[in-house]
Amino acid sequence: MASGTFDIIHPGHAFYLEEAKKLGGVDAELFVVIATDKTVEKHKRVPIMNQEQRAEMISKLRVVDEVFVGDETDPFKIVKEKKPDIIAIGPDQKFSPEKLQKQLNEIGLYCKVVKIKDYKKFELDSSCKIIKKIKRTHFDEKVFENCE
């Protein structure tokens, strides 16, 4: 299982999810939990795309088997339902794997928590970098002629 915001999809997301699936071996299934809009606003910023659109985009990635939108009242609801063997934490996520492992164990879930350490570097390898580039780029009005 992997989780995240996945607001503006970029190669770093695909890399993280590929690495997460590899942790499970050859026949692994990858479940992905998308952060709710409220969670994103609370911990990051206002999302560009809503949670349903983000879930739809992630579901289109070949490496992903099932996608869920998180639960506001119980952050472990989907983990309890799916009972993954491994939970992968992304390299830029601020979770403490040890703290998450302890929380899971306390509620009777004994999956292994692994932090993905590798990160595939690109000029635009985060949603924030993409947003910042768009903000500082001065587009010619012709770029917007066919935009609705």
# chains A, B, ... in the order shown; residues from 1 in each chain; ligands from 1
>>> select_by_dssp(residues="range 11-148 of chain A", states="alpha helix (DSSP H)", output="JSON, numbers by chain")
{"A": [11, 12, 13, 14, 15, 16, 17, 18, 19, 20, 21, 22, 37, 38, 39, 40, 41, 42, 43, 51, 52, 53, 54, 55, 56, 57, 58, 59, 77, 78, 79, 80, 81, 82, 97, 98, 99, 100, 101, 102, 103, 104, 105, 106, 127, 128, 129, 130, 131, 132, 133, 134, 135, 136]}
>>> residues_around(residues="range 76-91 of chain A", least_positions_apart="3", cutoff="10 Å", atoms="only C-alpha atoms", output="PDB file with C-alpha atoms, in the first residue's frame")
ATOM      1  CA  MET A   1       0.000   0.000   0.000  1.00  0.00           C
ATOM      2  CA  ALA A   2       1.133   3.515  -0.795  1.00  0.00           C
ATOM      3  CA  SER A   3      -0.473   6.853  -0.067  1.00  0.00           C
ATOM      4  CA  GLY A   4      -0.116  10.480  -1.005  1.00  0.00           C
ATOM      5  CA  GLY A  12       8.308  11.220  -9.186  1.00  0.00           C
ATOM      6  CA  HIS A  13       4.862   9.822  -8.406  1.00  0.00           C
ATOM      7  CA  PHE A  15       8.738   6.201  -9.567  1.00  0.00           C
ATOM      8  CA  TYR A  16       7.476   6.091  -5.957  1.00  0.00           C
ATOM      9  CA  LEU A  17       4.596   3.791  -6.869  1.00  0.00           C
ATOM     10  CA  GLU A  19       9.274   1.225  -6.008  1.00  0.00           C
ATOM     11  CA  ALA A  20       6.400   0.574  -3.595  1.00  0.00           C
ATOM     12  CA  LYS A  21       5.074  -2.281  -5.718  1.00  0.00           C
ATOM     13  CA  LEU A  23       8.613  -4.214  -2.216  1.00  0.00           C
ATOM     14  CA  GLY A  24       5.889  -6.844  -2.481  1.00  0.00           C
ATOM     15  CA  ALA A  28       2.305  -7.996  -5.512  1.00  0.00           C
ATOM     16  CA  GLU A  29      -0.823  -5.881  -5.731  1.00  0.00           C
ATOM     17  CA  LEU A  30      -0.488  -2.166  -5.119  1.00  0.00           C
ATOM     18  CA  PHE A  31      -3.265  -0.349  -3.269  1.00  0.00           C
ATOM     19  CA  VAL A  32      -3.019   3.445  -3.283  1.00  0.00           C
ATOM     20  CA  VAL A  33      -4.776   5.741  -0.841  1.00  0.00           C
ATOM     21  CA  PHE A  68      -9.102   4.526  -2.564  1.00  0.00           C
ATOM     22  CA  VAL A  69      -9.815   8.005  -1.272  1.00  0.00           C
ATOM     23  CA  GLY A  70      -8.841   8.265   2.394  1.00  0.00           C
ATOM     24  CA  ASP A  71     -11.339   8.469   5.226  1.00  0.00           C
ATOM     25  CA  GLU A  72     -11.611  11.715   7.226  1.00  0.00           C
ATOM     26  CA  THR A  73     -12.794  10.066  10.435  1.00  0.00           C
ATOM     27  CA  LYS A  94       7.045  13.607   6.444  1.00  0.00           C
ATOM     28  CA  PHE A  95       5.790  10.466   8.191  1.00  0.00           C
ATOM     29  CA  SER A  96       8.058   8.779  10.684  1.00  0.00           C
ATOM     30  CA  PRO A  97       8.066   5.097   9.665  1.00  0.00           C
ATOM     31  CA  LEU A 100       3.484   4.854  11.965  1.00  0.00           C
ATOM     32  CA  GLN A 101       4.635   1.285  12.685  1.00  0.00           C
ATOM     33  CA  GLN A 103       0.433   3.288  15.663  1.00  0.00           C
ATOM     34  CA  LEU A 104      -0.442   0.359  13.405  1.00  0.00           C
ATOM     35  CA  ILE A 107      -4.504  -1.101  16.699  1.00  0.00           C
ATOM     36  CA  GLY A 108      -3.602  -4.697  15.857  1.00  0.00           C
ATOM     37  CA  LEU A 109      -2.167  -4.175  12.370  1.00  0.00           C
ATOM     38  CA  TYR A 110       1.231  -5.744  11.830  1.00  0.00           C
ATOM     39  CA  CYS A 111       2.201  -4.696   8.330  1.00  0.00           C
ATOM     40  CA  LYS A 112       5.761  -3.596   7.669  1.00  0.00           C
ATOM     41  CA  VAL A 113       6.342   0.140   7.111  1.00  0.00           C
ATOM     42  CA  VAL A 114       9.106   0.987   4.617  1.00  0.00           C
ATOM     43  CA  LYS A 115      10.364   4.424   3.624  1.00  0.00           C
ATOM     44  CA  ILE A 116      11.313   4.616  -0.059  1.00  0.00           C
ATOM     45  CA  LYS A 117      14.666   6.365  -0.005  1.00  0.00           C
ATOM     46  CA  ASP A 118      15.343   6.662  -3.729  1.00  0.00           C
ATOM     47  CA  TYR A 119      14.065   9.676  -5.573  1.00  0.00           C
ATOM     48  CA  LYS A 120      14.145  10.159  -9.314  1.00  0.00           C
TER      49      LYS A 120
END
>>> residues_around(residues="Phe122 in chain A", least_positions_apart="3", cutoff="9 Å", atoms="only C-alpha atoms", output="VMD selection string")
chain A and resid 11 to 12 125 to 126
>>> residues_around(residues="Ala14 in chain A", least_positions_apart="4", cutoff="8 Å", atoms="only C-alpha atoms", output="list in words")
His10, Glu18 and Leu61 of chain A
>>> closest_residue(among="A:Asp7, A:Cys128, A:Asn105, A:Glu123", to="Ile58 in chain A", atoms="only C-alpha atoms")
A:Asp7
>>> atom_distance(atom1="CA of Thr5 in chain A", atom2="CA of Ala35 in chain A")
5.0 Å
>>> atom_distance(atom1="CA of Ile34 in chain A", atom2="CA of Glu98 in chain A")
21.5 Å
>>> select_by_dssp(residues="chain A", states="strand (DSSP E)", output="list of chain:residue names")
A:Ala2, A:Ser3, A:Gly4, A:Phe31, A:Val32, A:Val33, A:Ile34, A:Glu66, A:Val67, A:Phe68, A:Val69, A:Ile86, A:Ile87, A:Ala88, A:Ile89, A:Lys112, A:Val113, A:Val114, A:Lys115
>>> closest_residue(among="A:His43, A:Lys135, A:Val63, A:Ala55", to="Val26 in chain A", atoms="only C-alpha atoms")
A:Val63
>>> closest_residue(among="A:Asp37, A:Lys42, A:Phe6, A:Glu106", to="Glu56 in chain A", atoms="only C-alpha atoms")
A:Phe6
>>> closest_residue(among="A:Thr39, A:Pro47, A:Lys22, A:Asp92", to="Val64 in chain A", atoms="only C-alpha atoms")
A:Lys22
